Amino acid sequence: KNRQLPLLSSANLVFLVEMAAQEVASQPSDTLTTLKTESETLKTKLEEERAKLHDVELHQVAEKIEALGQFVMKTRRTLKGHGNKVLCMDWCKDKRRIVSSSQDGKVIVWDAFTTNKEHAVTMPCTWVMACAYAPSGCAVACGGLDNKCSVYPLSLDKNENLAAKKKSVAMHTNYLSACCFTNSDMQILTSSGDGTCALWDVESGQMLQSFHGHAADVLCLDLAPSETGNTFVSGGCDKKACVWDMRTGQCIQSFETHESDINSVRYYPSGDAFASGSDDATCRLYDLRADREVAIYSKESIIFGTSSVDFSLSGRLLFGGYNDYTINVWDVLKGTRVSILFGHENRVSTLRVSPDGTAFCSGSWDHTLRVSGQKYLRLSGVVMKVSHLFCLSPDLGLNVDWNSDVSLFSPQLDSRITRRL
Amino acid sequence: MSGSSNIVAMKKIVQQLRFEANINRVKVSQAAAELQQFCVQNALQDPLLTGVSSSTNPFRTQKVCSFL
């Protein structure tokens, strides 16, 4: 067999040698049929083992805790500047900078407080589907239809051409769908339309580990919180979410309950669970210790796919960006929707909560990014969370125009107060 | 050649399923209780959940309404 092997890590070389050895040592009884039967038996056993421990639903356990009531979210900043669909964004650890990438081939670094653009890079390809901020804040990674992941160090000199210092790190055989730095600027994890994920050394561009197991394009990945060890989760067009051991390349757990492509996966802040968003219009929560799906977030009225999900800091809220242009906010424990945010004029394609949890940023096919948060009223120096919109609009989630009259019905005061806010 | 590589691929799948079938699991009731406990313990530190005072929210608006 004269196969042209791509640059492989030593782990992959061991795998190939094992494969060759198995081919030689195959027992005649190990026919395809007996293996398929064993595979089916094991799948049934897996389901039985999981079912044995399914003694209660998450929302039943959560019955005793207080309901959240409704939330009103408000967009506080709109970032305009991309010439086409925004496909991906990431926050800097400094809680104010954002990197975003677009179908127009541009990658922009923004100061979300001022909405100023600080850096812009033009990629050699269109559809830059993935971007990530380095933990140090000194570099960004991006890629897409070029099948690569490249790292751009961010220069303090605004006149410097960032493209000159570009470093090509990852090479896949199909589009790059997601990338993220590990705990340092030194390693990057990627996922690709070629059905694999891989871990790369940024300095040398060498592949440190590859992850095989998805049967189709891998669309998303998320790194476990650092306290929980070296694992990450990926989701793909095979409707499967897989949890991987980064050191060995082994798939540790896999979950196949979605009915369509999984577009987004995100760890619960404790690391014991993760959420997923899918083209089947649902978000789901999978607990890693129970090894099963423990919640579905869906409504009959929601029929468009979820493109991206993220948790609030405590894990109580799950934010989902949808292809029907909205953002739905779910009570993770009770399974109910607590808010809906309108505003984008096309699909929401990407969504992340800020590192300090005060806001979330959404990117859309409408070319903009929006930074949004909870709506507050400060009344006589007291900050009040707005939990009910007592106005004539039947549609919860319409942002109140601060210049219009708003009637407040206060149960405590038992009177009607109209004020121009 | 394709016959034996199918068998090798199936062996890998069977190996993986054996591994996944044998992992340790906990009851959903226990897992759910721990997820809930984490939420409750961290609720006050979650600005999007409980709100945050104007002085610390970097994205606050400046308008104030005061009542008589």
# chains A, B, ... in the order shown; residues from 1 in each chain; ligands from 1
>>> residues_around(residues="Gln15 of chain B", least_positions_apart="3", cutoff="12 Å", atoms="only C-alpha atoms", output="compact mmCIF listing (two decimals) with all heavy atoms, in the first residue's frame")
# COMPACT_ATOMS: atom_id res chain seq x y z
N LEU A 35 -19.34 -8.70 14.26
CA LEU A 35 -18.98 -7.42 14.85
C LEU A 35 -20.18 -6.48 14.88
O LEU A 35 -20.40 -5.76 15.86
CB LEU A 35 -17.83 -6.77 14.08
CG LEU A 35 -16.45 -7.36 14.33
CD1 LEU A 35 -15.44 -6.79 13.35
CD2 LEU A 35 -15.99 -7.12 15.76
N LYS A 36 -20.95 -6.49 13.80
CA LYS A 36 -22.14 -5.63 13.76
C LYS A 36 -23.13 -6.03 14.84
O LYS A 36 -23.75 -5.19 15.49
CB LYS A 36 -22.79 -5.69 12.37
CG LYS A 36 -22.13 -4.75 11.38
CD LYS A 36 -22.86 -4.68 10.04
CE LYS A 36 -22.15 -3.65 9.16
NZ LYS A 36 -22.51 -3.75 7.75
N GLU A 38 -22.41 -7.50 17.66
CA GLU A 38 -21.87 -7.08 18.96
C GLU A 38 -22.06 -5.58 19.16
O GLU A 38 -22.38 -5.12 20.25
CB GLU A 38 -20.37 -7.44 19.07
CG GLU A 38 -19.90 -7.29 20.52
CD GLU A 38 -18.42 -7.58 20.72
OE1 GLU A 38 -17.77 -8.06 19.77
OE2 GLU A 38 -17.95 -7.31 21.83
N SER A 39 -21.89 -4.82 18.08
CA SER A 39 -22.07 -3.37 18.14
C SER A 39 -23.50 -3.02 18.55
O SER A 39 -23.73 -2.18 19.41
CB SER A 39 -21.70 -2.76 16.79
OG SER A 39 -22.38 -1.58 16.58
N LEU A 42 -24.06 -3.89 22.22
CA LEU A 42 -23.43 -2.92 23.12
C LEU A 42 -24.23 -1.62 23.17
O LEU A 42 -24.36 -1.01 24.24
CB LEU A 42 -21.99 -2.64 22.67
CG LEU A 42 -20.99 -3.73 23.02
CD1 LEU A 42 -19.68 -3.52 22.28
CD2 LEU A 42 -20.74 -3.78 24.53
N LYS A 43 -24.77 -1.20 22.01
CA LYS A 43 -25.57 0.04 22.00
C LYS A 43 -26.80 -0.12 22.89
O LYS A 43 -27.17 0.78 23.63
CB LYS A 43 -26.00 0.39 20.57
CG LYS A 43 -24.93 1.08 19.76
CD LYS A 43 -25.43 1.48 18.37
CE LYS A 43 -24.25 1.96 17.52
NZ LYS A 43 -24.59 2.08 16.10
N GLN A 250 -8.70 9.95 22.87
CA GLN A 250 -9.83 9.04 22.98
C GLN A 250 -11.14 9.78 23.20
O GLN A 250 -11.20 10.76 23.94
CB GLN A 250 -9.58 8.10 24.17
CG GLN A 250 -10.81 7.36 24.68
CD GLN A 250 -10.64 5.86 24.64
OE1 GLN A 250 -9.65 5.34 25.16
NE2 GLN A 250 -11.58 5.17 24.04
N CYS A 251 -12.21 9.26 22.56
CA CYS A 251 -13.55 9.76 22.85
C CYS A 251 -14.01 9.08 24.14
O CYS A 251 -14.05 7.85 24.22
CB CYS A 251 -14.49 9.44 21.70
SG CYS A 251 -16.22 9.74 22.10
N ILE A 252 -14.32 9.86 25.16
CA ILE A 252 -14.67 9.29 26.47
C ILE A 252 -16.16 9.00 26.57
O ILE A 252 -16.59 8.01 27.14
CB ILE A 252 -14.32 10.28 27.59
CG1 ILE A 252 -12.89 10.78 27.47
CG2 ILE A 252 -14.51 9.64 28.94
CD1 ILE A 252 -12.59 11.90 28.43
N VAL B 8 -11.73 -3.73 10.40
CA VAL B 8 -10.90 -2.94 11.32
C VAL B 8 -11.70 -1.77 11.86
O VAL B 8 -11.68 -1.47 13.06
CB VAL B 8 -9.61 -2.46 10.60
CG1 VAL B 8 -8.93 -1.38 11.41
CG2 VAL B 8 -8.68 -3.64 10.40
N ALA B 9 -12.46 -1.11 10.99
CA ALA B 9 -13.26 0.03 11.43
C ALA B 9 -14.34 -0.41 12.42
O ALA B 9 -14.57 0.24 13.44
CB ALA B 9 -13.92 0.70 10.22
N MET B 10 -14.98 -1.55 12.13
CA MET B 10 -16.01 -2.08 13.03
C MET B 10 -15.41 -2.47 14.37
O MET B 10 -16.01 -2.28 15.41
CB MET B 10 -16.71 -3.30 12.41
CG MET B 10 -17.86 -2.97 11.47
SD MET B 10 -19.07 -1.83 12.17
CE MET B 10 -19.77 -2.79 13.49
N LYS B 11 -14.20 -3.03 14.36
CA LYS B 11 -13.53 -3.41 15.61
C LYS B 11 -13.31 -2.18 16.48
O LYS B 11 -13.47 -2.21 17.69
CB LYS B 11 -12.18 -4.07 15.32
CG LYS B 11 -12.30 -5.55 15.03
CD LYS B 11 -10.93 -6.23 15.13
CE LYS B 11 -11.09 -7.72 15.35
NZ LYS B 11 -9.84 -8.37 15.72
N LYS B 12 -12.94 -1.07 15.80
CA LYS B 12 -12.70 0.17 16.53
C LYS B 12 -14.01 0.66 17.17
O LYS B 12 -14.03 1.11 18.31
CB LYS B 12 -12.16 1.21 15.53
CG LYS B 12 -11.38 2.34 16.15
CD LYS B 12 -9.89 2.01 16.35
CE LYS B 12 -9.14 3.16 16.98
NZ LYS B 12 -9.19 3.22 18.44
N ARG B 18 -17.62 -0.68 23.90
CA ARG B 18 -17.31 -1.42 25.14
C ARG B 18 -16.83 -0.46 26.20
O ARG B 18 -17.22 -0.52 27.36
CB ARG B 18 -16.19 -2.44 24.87
CG ARG B 18 -16.68 -3.78 24.45
CD ARG B 18 -15.56 -4.81 24.51
NE ARG B 18 -15.77 -5.81 23.46
CZ ARG B 18 -14.83 -6.28 22.66
NH1 ARG B 18 -13.59 -5.85 22.76
NH2 ARG B 18 -15.13 -7.18 21.74
N PHE B 19 -15.94 0.46 25.78
CA PHE B 19 -15.39 1.46 26.71
C PHE B 19 -16.50 2.32 27.28
O PHE B 19 -16.61 2.52 28.48
CB PHE B 19 -14.35 2.31 25.96
CG PHE B 19 -13.80 3.43 26.77
CD1 PHE B 19 -12.74 3.23 27.64
CD2 PHE B 19 -14.35 4.71 26.70
CE1 PHE B 19 -12.23 4.27 28.41
CE2 PHE B 19 -13.85 5.75 27.45
CZ PHE B 19 -12.79 5.54 28.31
N GLU B 20 -17.37 2.83 26.39
CA GLU B 20 -18.43 3.74 26.84
C GLU B 20 -19.46 3.03 27.71
O GLU B 20 -20.01 3.62 28.64
CB GLU B 20 -19.13 4.39 25.63
CG GLU B 20 -18.24 5.39 24.91
CD GLU B 20 -18.97 6.14 23.79
OE1 GLU B 20 -20.20 6.30 23.88
OE2 GLU B 20 -18.28 6.56 22.84
N ALA B 21 -19.73 1.75 27.42
CA ALA B 21 -20.74 1.02 28.20
C ALA B 21 -20.27 0.81 29.63
O ALA B 21 -21.09 0.71 30.55
CB ALA B 21 -21.05 -0.31 27.53
N ASN B 22 -18.95 0.77 29.83
CA ASN B 22 -18.42 0.41 31.15
C ASN B 22 -18.06 1.57 32.05
O ASN B 22 -17.53 1.37 33.13
CB ASN B 22 -17.17 -0.48 30.97
CG ASN B 22 -17.57 -1.87 30.52
OD1 ASN B 22 -18.65 -2.33 30.84
ND2 ASN B 22 -16.68 -2.51 29.77
>>> residues_around(residues="Ile108 of chain A", least_positions_apart="6", cutoff="10 Å", atoms="only C-alpha atoms", output="PyMOL selection string")
chain A and resi 81-82+89+98-102+117-122+131+140
>>> interface_residues(of="chain B", to="chain A", cutoff="6 Å", atoms="only C-alpha atoms", output="list in words")
Ile7, Val14, Ala21, Arg25, Val26, Lys27, Val28, Ser29, Ala32, Cys39, Asn42, Ala43, Asp46, Pro47, Leu48, Val64, Cys65 and Ser66 of chain B
>>> residues_around(residues="segment 318-325 of chain A", least_positions_apart="4", cutoff="9 Å", atoms="only C-alpha atoms", output="JSON, numbers by chain")
{"A": [275, 277, 279, 281, 283, 302, 303, 304, 305, 306, 307, 308, 309, 310, 311, 312, 329, 330, 331, 332, 342, 343, 344, 345, 346, 347, 348, 349, 350, 351, 352, 353, 360, 362, 363, 364, 365]}
>>> write_last_selection(atoms="N, CA and C atoms", output="mmCIF file, in the first residue's frame")
data_model
loop_
_atom_site.group_PDB
_atom_site.id
_atom_site.type_symbol
_atom_site.label_atom_id
_atom_site.label_comp_id
_atom_site.auth_asym_id
_atom_site.auth_seq_id
_atom_site.Cartn_x
_atom_site.Cartn_y
_atom_site.Cartn_z
ATOM 1 N N ALA A 275 -24.202 22.150 27.333
ATOM 2 C CA ALA A 275 -25.417 22.413 26.571
ATOM 3 C C ALA A 275 -25.086 22.345 25.088
ATOM 4 N N GLY A 277 -26.810 23.296 20.989
ATOM 5 C CA GLY A 277 -27.862 23.942 20.202
ATOM 6 C C GLY A 277 -27.862 23.316 18.822
ATOM 7 N N ASP A 279 -29.940 22.375 14.805
ATOM 8 C CA ASP A 279 -30.883 22.718 13.738
ATOM 9 C C ASP A 279 -32.263 22.116 13.995
ATOM 10 N N ALA A 281 -34.049 22.853 16.346
ATOM 11 C CA ALA A 281 -34.765 23.923 17.075
ATOM 12 C C ALA A 281 -34.773 23.730 18.588
ATOM 13 N N CYS A 283 -32.421 23.220 22.353
ATOM 14 C CA CYS A 283 -31.157 23.179 23.080
ATOM 15 C C CYS A 283 -31.315 22.019 24.052
ATOM 16 N N ILE A 302 -41.108 27.578 18.583
ATOM 17 C CA ILE A 302 -39.737 27.762 18.091
ATOM 18 C C ILE A 302 -39.451 26.666 17.080
ATOM 19 N N ILE A 303 -39.386 27.046 15.797
ATOM 20 C CA ILE A 303 -39.210 26.035 14.761
ATOM 21 C C ILE A 303 -37.920 26.201 13.970
ATOM 22 N N PHE A 304 -37.179 27.282 14.287
ATOM 23 C CA PHE A 304 -35.921 27.497 13.573
ATOM 24 C C PHE A 304 -34.742 27.040 14.414
ATOM 25 N N GLY A 305 -33.681 26.655 13.740
ATOM 26 C CA GLY A 305 -32.519 26.094 14.416
ATOM 27 C C GLY A 305 -31.824 27.059 15.363
ATOM 28 N N THR A 306 -31.128 26.467 16.351
ATOM 29 C CA THR A 306 -30.297 27.224 17.284
ATOM 30 C C THR A 306 -28.891 27.227 16.718
ATOM 31 N N SER A 307 -28.296 28.402 16.609
ATOM 32 C CA SER A 307 -26.960 28.462 16.040
ATOM 33 C C SER A 307 -25.877 28.494 17.108
ATOM 34 N N SER A 308 -26.214 29.007 18.305
ATOM 35 C CA SER A 308 -25.163 29.206 19.309
ATOM 36 C C SER A 308 -25.769 29.291 20.701
ATOM 37 N N VAL A 309 -25.059 28.760 21.684
ATOM 38 C CA VAL A 309 -25.540 28.764 23.065
ATOM 39 C C VAL A 309 -24.426 29.177 24.019
ATOM 40 N N ASP A 310 -24.816 29.787 25.133
ATOM 41 C CA ASP A 310 -23.833 30.053 26.204
ATOM 42 C C ASP A 310 -24.576 30.223 27.521
ATOM 43 N N PHE A 311 -23.877 29.939 28.625
ATOM 44 C CA PHE A 311 -24.446 30.024 29.965
ATOM 45 C C PHE A 311 -24.095 31.363 30.615
ATOM 46 N N SER A 312 -24.945 31.795 31.556
ATOM 47 C CA SER A 312 -24.552 32.890 32.445
ATOM 48 C C SER A 312 -23.575 32.306 33.473
ATOM 49 N N VAL A 329 -33.826 33.106 26.172
ATOM 50 C CA VAL A 329 -33.094 32.861 27.412
ATOM 51 C C VAL A 329 -33.872 31.845 28.232
ATOM 52 N N TRP A 330 -33.217 30.760 28.632
ATOM 53 C CA TRP A 330 -33.873 29.651 29.313
ATOM 54 C C TRP A 330 -33.435 29.535 30.770
ATOM 55 N N ASP A 331 -34.381 29.147 31.619
ATOM 56 C CA ASP A 331 -34.048 28.765 32.999
ATOM 57 C C ASP A 331 -33.537 27.332 32.892
ATOM 58 N N VAL A 332 -32.243 27.144 33.081
ATOM 59 C CA VAL A 332 -31.605 25.842 32.861
ATOM 60 C C VAL A 332 -32.215 24.752 33.740
ATOM 61 N N PHE A 342 -35.458 40.573 20.801
ATOM 62 C CA PHE A 342 -35.528 40.864 19.374
ATOM 63 C C PHE A 342 -34.510 41.946 19.050
ATOM 64 N N GLY A 343 -34.282 42.178 17.808
ATOM 65 C CA GLY A 343 -33.392 43.280 17.437
ATOM 66 C C GLY A 343 -32.578 42.980 16.205
ATOM 67 N N HIS A 344 -32.039 41.769 16.136
ATOM 68 C CA HIS A 344 -31.284 41.443 14.926
ATOM 69 C C HIS A 344 -32.232 41.325 13.747
ATOM 70 N N GLU A 345 -31.704 41.678 12.569
ATOM 71 C CA GLU A 345 -32.555 41.681 11.377
ATOM 72 C C GLU A 345 -32.270 40.504 10.470
ATOM 73 N N ASN A 346 -31.526 39.555 11.002
ATOM 74 C CA ASN A 346 -31.299 38.315 10.278
ATOM 75 C C ASN A 346 -30.854 37.282 11.305
ATOM 76 N N ARG A 347 -30.517 36.078 10.854
ATOM 77 C CA ARG A 347 -30.110 35.010 11.770
ATOM 78 C C ARG A 347 -29.065 35.449 12.778
ATOM 79 N N VAL A 348 -29.216 34.977 13.999
ATOM 80 C CA VAL A 348 -28.147 35.111 14.982
ATOM 81 C C VAL A 348 -27.209 33.940 14.739
ATOM 82 N N SER A 349 -25.927 34.225 14.493
ATOM 83 C CA SER A 349 -25.008 33.146 14.130
ATOM 84 C C SER A 349 -24.035 32.794 15.243
ATOM 85 N N THR A 350 -23.851 33.706 16.204
ATOM 86 C CA THR A 350 -22.847 33.472 17.238
ATOM 87 C C THR A 350 -23.238 34.245 18.490
ATOM 88 N N LEU A 351 -22.937 33.698 19.660
ATOM 89 C CA LEU A 351 -23.340 34.339 20.910
ATOM 90 C C LEU A 351 -22.405 33.906 22.027
ATOM 91 N N ARG A 352 -21.875 34.883 22.789
ATOM 92 C CA ARG A 352 -21.039 34.552 23.940
ATOM 93 C C ARG A 352 -21.331 35.518 25.080
ATOM 94 N N VAL A 353 -21.357 34.970 26.280
ATOM 95 C CA VAL A 353 -21.476 35.797 27.482
ATOM 96 C C VAL A 353 -20.092 36.363 27.802
ATOM 97 N N PHE A 360 -23.903 39.938 27.209
ATOM 98 C CA PHE A 360 -23.611 38.920 26.198
ATOM 99 C C PHE A 360 -23.560 39.611 24.838
ATOM 100 N N SER A 362 -23.951 39.125 20.660
ATOM 101 C CA SER A 362 -24.482 38.272 19.607
ATOM 102 C C SER A 362 -24.046 38.832 18.259
ATOM 103 N N GLY A 363 -23.716 37.935 17.341
ATOM 104 C CA GLY A 363 -23.359 38.349 15.984
ATOM 105 C C GLY A 363 -24.391 37.784 15.037
ATOM 106 N N SER A 364 -24.617 38.482 13.926
ATOM 107 C CA SER A 364 -25.730 38.085 13.067
ATOM 108 C C SER A 364 -25.420 38.205 11.590
ATOM 109 N N TRP A 365 -26.225 37.533 10.792
ATOM 110 C CA TRP A 365 -26.151 37.671 9.344
ATOM 111 C C TRP A 365 -26.574 39.075 8.911
#
>>> closest_residue(among="B:Ser5, B:Gln16, B:Leu49, B:Asn24", to="Val338 of chain A", atoms="only C-alpha atoms")
B:Leu49
>>> atom_distance(atom1="atom CA of Glu203 of chain A", atom2="atom CA of His172 of chain A")
17.4 Å
>>> select_by_dssp(residues="segment 220-373 of chain A", states="strand (DSSP E or B)", output="ChimeraX atom specification")
/A:220-223,231-236,241-245,251-255,262-267,273-278,283-287,292-297,306-311,317-322,327-331,337-341,348-353,360-364,369-373
>>> closest_residue(among="B:Gln45, B:Val40, B:Ser4, B:Leu35", to="Ala295 of chain A", atoms="only C-alpha atoms")
B:Leu35
>>> atom_distance(atom1="atom CA of Thr182 of chain A", atom2="atom CA of Ala198 of chain A")
11.8 Å
>>> residues_around(residues="Lys165 of chain A", least_positions_apart="4", cutoff="10 Å", atoms="only C-alpha atoms", output="ChimeraX atom specification")
/A:151-155,160-161
>>> select_by_dssp(residues="segment 85-239 of chain A", states="helix (DSSP H, G or I)", output="PyMOL selection string")
chain A and resi 162-165+226-228
>>> atom_distance(atom1="atom CA of Thr368 of chain A", atom2="atom CA of Cys92 of chain A")
18.2 Å
